[in-house]
>>> print(open('run_5.cif').read())   # mmCIF, C-alpha atoms
data_query
#
loop_
_atom_site.label_atom_id
_atom_site.label_comp_id
_atom_site.auth_asym_id
_atom_site.auth_seq_id
_atom_site.Cartn_x
_atom_site.Cartn_y
_atom_site.Cartn_z
CA MET A 9 -14.61 17.75 -1.55
CA ASN A 10 -16.98 14.95 -0.65
CA ASN A 11 -15.43 11.98 1.07
CA HIS A 12 -12.61 14.03 2.56
CA GLN A 13 -12.36 11.62 5.50
CA GLU A 14 -12.23 8.51 3.28
CA ILE A 15 -9.38 9.95 1.21
CA THR A 16 -7.51 10.98 4.37
CA ASP A 17 -8.01 7.50 5.85
CA ILE A 18 -6.71 5.89 2.66
CA ILE A 19 -3.61 8.09 2.58
CA GLU A 20 -2.83 7.49 6.25
CA LYS A 21 -3.30 3.72 5.99
CA LEU A 22 -1.19 3.50 2.81
CA ASN A 23 1.58 5.60 4.31
CA HIS A 24 1.65 3.52 7.49
CA HIS A 25 1.79 0.27 5.51
CA TYR A 26 4.48 1.66 3.20
CA MET A 27 6.65 2.67 6.15
CA ALA A 28 6.12 -0.69 7.92
CA SER A 29 7.39 -2.58 4.88
CA ILE A 30 10.61 -0.61 4.49
CA ASN A 31 12.72 -3.20 6.30
CA LEU A 32 11.64 -5.89 3.80
CA ALA A 33 12.60 -3.80 0.78
CA ASN A 34 15.65 -5.45 -0.68
CA ASN A 35 17.86 -3.77 -3.20
CA ASN A 36 19.55 -7.04 -4.21
CA LEU A 37 16.39 -8.43 -5.81
CA HIS A 38 17.90 -11.89 -6.12
CA SER A 39 14.73 -13.66 -5.14
CA SER A 40 11.30 -13.55 -6.68
CA LEU A 41 9.84 -12.77 -3.26
CA ASP A 42 12.08 -9.70 -2.86
CA ARG A 43 11.07 -8.48 -6.30
CA SER A 44 7.39 -8.95 -5.38
CA VAL A 45 7.83 -6.96 -2.17
CA ASN A 46 9.52 -4.13 -4.03
CA ARG A 47 6.85 -4.06 -6.75
CA PHE A 48 4.10 -3.89 -4.10
CA ARG A 49 5.92 -0.98 -2.46
CA GLN A 50 6.37 0.76 -5.81
CA VAL A 51 2.63 0.58 -6.44
CA GLU A 52 1.98 1.94 -2.94
CA LYS A 53 4.41 4.81 -3.47
CA SER A 54 2.88 5.64 -6.84
CA MET A 55 -0.58 5.59 -5.33
CA LEU A 56 0.52 7.91 -2.51
CA ASP A 57 2.12 10.25 -5.02
CA LYS A 58 -1.06 10.32 -7.12
CA LEU A 59 -3.17 11.02 -4.03
CA ALA A 60 -1.06 14.03 -3.01
CA PRO A 61 -3.15 16.52 -5.04
CA PHE A 62 -6.32 15.39 -3.24
CA GLU A 63 -4.99 16.40 0.14
CA SER A 64 -2.55 18.79 1.68
CA TYR A 65 -1.12 15.68 3.27
CA ARG A 66 2.61 15.16 2.82
CA ARG A 67 3.93 11.63 2.95
CA GLU A 68 6.93 11.18 5.18
CA THR A 69 10.18 10.19 3.58
CA ASP A 70 11.58 6.69 3.66
CA THR A 71 13.87 7.68 6.52
CA GLY A 72 11.02 6.94 8.92
CA GLN A 73 10.82 10.41 10.43
CA SER A 74 7.31 9.88 11.64
CA GLY A 75 5.59 11.33 14.65
CA ASN A 76 3.96 7.95 15.14
CA ARG A 77 6.20 4.94 15.55
CA VAL A 78 5.61 2.40 12.83
CA THR A 79 6.36 -1.19 13.73
CA PRO A 80 8.12 -2.84 10.81
CA PHE A 81 6.74 -6.09 9.45
CA ALA A 82 8.66 -8.98 11.00
CA SER A 83 8.58 -11.18 7.91
CA HIS A 84 7.31 -11.52 4.38
CA GLU A 85 4.44 -13.60 5.71
CA VAL A 86 3.38 -10.82 8.09
CA MET A 87 3.58 -8.32 5.24
CA TYR A 88 1.46 -10.58 3.04
CA GLN A 89 -1.26 -10.76 5.70
CA ALA A 90 -1.06 -6.98 6.18
CA ASN A 91 -1.36 -6.57 2.41
CA LEU A 92 -4.58 -8.61 2.44
CA SER A 93 -5.91 -6.41 5.23
CA LEU A 94 -4.87 -3.25 3.36
CA VAL A 95 -6.59 -4.32 0.13
CA THR A 96 -9.76 -5.20 2.06
CA PHE A 97 -9.65 -1.82 3.84
CA LEU A 98 -9.18 0.02 0.54
CA LYS A 99 -12.07 -1.83 -1.11
CA HIS A 100 -14.29 -0.92 1.85
CA LYS A 101 -13.29 2.76 1.62
CA LEU A 102 -13.81 2.75 -2.16
CA ALA A 103 -17.40 1.64 -1.67
CA ALA A 104 -18.02 4.75 0.46
CA ILE A 105 -16.61 7.21 -2.08
CA GLU A 106 -19.40 8.98 -3.96
CA ASN A 107 -17.37 10.54 -6.78
CA ASP A 108 -17.26 8.08 -9.69
CA ASP A 109 -14.06 9.52 -11.14
CA ILE A 110 -12.16 9.25 -7.87
CA ARG A 111 -13.57 5.79 -7.20
CA SER A 112 -12.50 4.59 -10.67
CA PHE A 113 -9.08 6.15 -10.27
CA LEU A 114 -8.50 4.47 -6.91
CA SER A 115 -9.93 1.15 -8.12
CA TYR A 116 -7.10 0.91 -10.65
CA TRP A 117 -4.48 1.22 -7.90
CA VAL A 118 -6.26 -1.21 -5.57
CA ALA A 119 -6.38 -3.77 -8.41
CA ALA A 120 -2.64 -3.28 -8.96
CA LEU A 121 -1.95 -3.86 -5.26
CA GLN A 122 -4.11 -7.00 -5.34
CA MET A 123 -2.21 -8.32 -8.36
CA GLU A 124 1.16 -7.71 -6.71
CA ASN A 125 0.00 -9.37 -3.49
CA ASP A 126 -1.24 -12.39 -5.46
CA GLU A 127 2.18 -12.55 -7.09
CA MET A 128 3.87 -12.40 -3.67
CA ALA A 129 1.73 -15.30 -2.46
CA LYS A 130 3.27 -17.54 -5.14
CA TYR A 131 6.66 -17.30 -3.44
CA LEU A 132 5.61 -17.73 0.18
CA PRO A 133 5.61 -21.09 1.95
CA VAL A 134 2.17 -22.73 1.67
CA SER A 135 1.89 -22.90 5.48
CA SER A 136 1.89 -19.11 5.75
CA LEU A 137 -1.10 -18.57 3.47
#
>>> encode(input="run_5.cif", output="structure tokens")
Amino acid sequence: MNNHQEITDIIEKLNHHYMASINLANNNLHSSLDRSVNRFRQVEKSMLDKLAPFESYRRETDTGQSGNRVTPFASHEVMYQANLSLVTFLKHKLAAIENDDIRSFLSYWVAALQMENDEMAKYLPVSSL
């Protein structure tokens, strides 16, 4: 498959980000910000699940049993900034993918992540943006 490295990079970056945000996932969902965080994570998880057939890569479980230590995001603001970085990274990788079908497929998920991050920004203090 062309662009094997790009797909692998995308999967690894998504998995790392997903694991780093686990401490901000809130099951109470009483605040709009918590709901935004969980929706962002749901899109990430769905994207990782959809990418599984492209690689023999297996995403680690939410228990954090990773060979590499993942530093959790310290706050919603830190996660928001990491989300911006992730979306930028994904857009850059998409530009390098030669297969139009794969690029279109991934573009959908990147757009969904961007929308959820924009939604999260609405609930953050203005000073953190």
>>> closest_residue(input="run_5.cif", among="A:Asn91, A:Ser115, A:Thr16, A:Asn11", to="Ser44 (chain A)", atoms="only C-alpha atoms")
A:Asn91
>>> resolve_selection(input="run_5.cif", expression="the PyMOL selection byres ((chain A and resi 49) around 9)", output="list of chain:residue names")
A:Tyr26, A:Ser29, A:Ile30, A:Ala33, A:Ser44, A:Val45, A:Asn46, A:Arg47, A:Phe48, A:Gln50, A:Val51, A:Glu52, A:Lys53, A:Ser54, A:Leu121
>>> closest_residue(input="run_5.cif", among="A:Ala60, A:Ile18, A:Asp109, A:Val78", to="Thr96 (chain A)", atoms="all atoms listed in the file")
A:Ile18
>>> closest_residue(input="run_5.cif", among="A:Tyr88, A:Trp117, A:Phe97, A:Phe62", to="Ala28 (chain A)", atoms="only C-alpha atoms")
A:Tyr88
>>> resolve_selection(input="run_5.cif", expression="the PyMOL selection byres ((chain A and resi 83) around 12)", output="PDB file with C-alpha atoms, keeping the file's coordinate frame")
ATOM      1  CA  ALA A  28       6.120  -0.690   7.920  1.00  0.00           C
ATOM      2  CA  SER A  29       7.390  -2.580   4.880  1.00  0.00           C
ATOM      3  CA  ILE A  30      10.610  -0.610   4.490  1.00  0.00           C
ATOM      4  CA  ASN A  31      12.720  -3.200   6.300  1.00  0.00           C
ATOM      5  CA  LEU A  32      11.640  -5.890   3.800  1.00  0.00           C
ATOM      6  CA  ALA A  33      12.600  -3.800   0.780  1.00  0.00           C
ATOM      7  CA  LEU A  41       9.840 -12.770  -3.260  1.00  0.00           C
ATOM      8  CA  ASP A  42      12.080  -9.700  -2.860  1.00  0.00           C
ATOM      9  CA  VAL A  45       7.830  -6.960  -2.170  1.00  0.00           C
ATOM     10  CA  THR A  79       6.360  -1.190  13.730  1.00  0.00           C
ATOM     11  CA  PRO A  80       8.120  -2.840  10.810  1.00  0.00           C
ATOM     12  CA  PHE A  81       6.740  -6.090   9.450  1.00  0.00           C
ATOM     13  CA  ALA A  82       8.660  -8.980  11.000  1.00  0.00           C
ATOM     14  CA  HIS A  84       7.310 -11.520   4.380  1.00  0.00           C
ATOM     15  CA  GLU A  85       4.440 -13.600   5.710  1.00  0.00           C
ATOM     16  CA  VAL A  86       3.380 -10.820   8.090  1.00  0.00           C
ATOM     17  CA  MET A  87       3.580  -8.320   5.240  1.00  0.00           C
ATOM     18  CA  TYR A  88       1.460 -10.580   3.040  1.00  0.00           C
ATOM     19  CA  GLN A  89      -1.260 -10.760   5.700  1.00  0.00           C
ATOM     20  CA  ALA A  90      -1.060  -6.980   6.180  1.00  0.00           C
ATOM     21  CA  LEU A 132       5.610 -17.730   0.180  1.00  0.00           C
ATOM     22  CA  PRO A 133       5.610 -21.090   1.950  1.00  0.00           C
ATOM     23  CA  SER A 136       1.890 -19.110   5.750  1.00  0.00           C
TER      24      SER A 136
END
>>> closest_residue(input="run_5.cif", among="A:Ala120, A:Leu94, A:Ile105, A:Leu114", to="Lys21 (chain A)", atoms="only C-alpha atoms")
A:Leu94
>>> decode(input="run_5.cif", residues="region 115-127 of chain A", atoms="all heavy atoms", output="compact mmCIF listing (two decimals), in the first residue's frame")
# COMPACT_ATOMS: atom_id res chain seq x y z
N SER A 115 -10.33 12.62 5.25
CA SER A 115 -10.74 14.03 5.31
C SER A 115 -12.04 14.19 6.08
O SER A 115 -12.22 15.16 6.82
CB SER A 115 -10.91 14.60 3.90
OG SER A 115 -9.67 14.69 3.26
N TYR A 116 -12.95 13.25 5.90
CA TYR A 116 -14.23 13.28 6.63
C TYR A 116 -13.97 13.28 8.14
O TYR A 116 -14.56 14.06 8.88
CB TYR A 116 -15.09 12.06 6.23
CG TYR A 116 -16.22 11.81 7.18
CD1 TYR A 116 -17.40 12.53 7.07
CD2 TYR A 116 -16.11 10.87 8.20
CE1 TYR A 116 -18.45 12.31 7.96
CE2 TYR A 116 -17.15 10.64 9.08
CZ TYR A 116 -18.32 11.36 8.96
OH TYR A 116 -19.34 11.16 9.84
N TRP A 117 -13.10 12.40 8.60
CA TRP A 117 -12.84 12.28 10.03
C TRP A 117 -12.09 13.49 10.56
O TRP A 117 -12.35 13.96 11.68
CB TRP A 117 -12.07 10.99 10.32
CG TRP A 117 -12.92 9.79 10.07
CD1 TRP A 117 -12.89 8.97 8.97
CD2 TRP A 117 -13.98 9.31 10.89
NE1 TRP A 117 -13.85 8.01 9.08
CE2 TRP A 117 -14.54 8.19 10.24
CE3 TRP A 117 -14.51 9.71 12.11
CZ2 TRP A 117 -15.60 7.47 10.78
CZ3 TRP A 117 -15.56 9.00 12.65
CH2 TRP A 117 -16.09 7.89 11.98
N VAL A 118 -11.17 14.03 9.78
CA VAL A 118 -10.44 15.23 10.21
C VAL A 118 -11.42 16.40 10.34
O VAL A 118 -11.35 17.18 11.29
CB VAL A 118 -9.28 15.55 9.24
CG1 VAL A 118 -8.64 16.88 9.58
CG2 VAL A 118 -8.24 14.43 9.28
N ALA A 119 -12.36 16.52 9.40
CA ALA A 119 -13.36 17.59 9.48
C ALA A 119 -14.22 17.42 10.74
O ALA A 119 -14.55 18.41 11.41
CB ALA A 119 -14.23 17.59 8.23
N ALA A 120 -14.56 16.18 11.08
CA ALA A 120 -15.35 15.94 12.28
C ALA A 120 -14.57 16.33 13.54
O ALA A 120 -15.12 16.94 14.47
CB ALA A 120 -15.77 14.47 12.35
N LEU A 121 -13.28 16.01 13.57
CA LEU A 121 -12.45 16.42 14.71
C LEU A 121 -12.37 17.94 14.80
O LEU A 121 -12.47 18.52 15.90
CB LEU A 121 -11.04 15.83 14.57
CG LEU A 121 -10.89 14.34 14.79
CD1 LEU A 121 -9.48 13.88 14.44
CD2 LEU A 121 -11.24 13.96 16.23
N GLN A 122 -12.22 18.60 13.67
CA GLN A 122 -12.16 20.07 13.64
C GLN A 122 -13.46 20.67 14.18
O GLN A 122 -13.44 21.60 14.98
CB GLN A 122 -11.91 20.58 12.22
CG GLN A 122 -11.85 22.09 12.12
CD GLN A 122 -10.63 22.67 12.79
OE1 GLN A 122 -9.52 22.31 12.44
NE2 GLN A 122 -10.82 23.53 13.77
N MET A 123 -14.59 20.11 13.76
CA MET A 123 -15.88 20.61 14.24
C MET A 123 -16.02 20.43 15.75
O MET A 123 -16.48 21.34 16.45
CB MET A 123 -17.03 19.90 13.52
CG MET A 123 -17.19 20.34 12.09
SD MET A 123 -18.46 19.42 11.17
CE MET A 123 -19.79 19.29 12.32
N GLU A 124 -15.63 19.29 16.26
CA GLU A 124 -15.73 19.05 17.70
C GLU A 124 -14.77 19.97 18.48
O GLU A 124 -15.11 20.44 19.56
CB GLU A 124 -15.47 17.59 18.04
CG GLU A 124 -16.53 16.64 17.54
CD GLU A 124 -17.94 16.96 18.03
OE1 GLU A 124 -18.11 17.64 19.08
OE2 GLU A 124 -18.89 16.53 17.36
N ASN A 125 -13.61 20.22 17.93
CA ASN A 125 -12.67 21.12 18.61
C ASN A 125 -13.21 22.55 18.60
O ASN A 125 -13.08 23.27 19.59
CB ASN A 125 -11.29 21.06 17.97
CG ASN A 125 -10.23 21.54 18.93
OD1 ASN A 125 -10.20 21.12 20.08
ND2 ASN A 125 -9.36 22.41 18.47
N ASP A 126 -13.81 22.96 17.50
CA ASP A 126 -14.43 24.29 17.44
C ASP A 126 -15.54 24.41 18.48
O ASP A 126 -15.71 25.45 19.12
CB ASP A 126 -14.98 24.57 16.05
CG ASP A 126 -13.90 24.74 15.00
OD1 ASP A 126 -12.71 24.88 15.36
OD2 ASP A 126 -14.24 24.72 13.79
N GLU A 127 -16.28 23.33 18.65
CA GLU A 127 -17.35 23.31 19.65
C GLU A 127 -16.76 23.42 21.06
O GLU A 127 -17.26 24.14 21.91
CB GLU A 127 -18.17 22.03 19.51
CG GLU A 127 -19.35 21.94 20.42
CD GLU A 127 -20.47 22.92 20.10
OE1 GLU A 127 -20.52 23.46 18.98
OE2 GLU A 127 -21.30 23.16 21.00
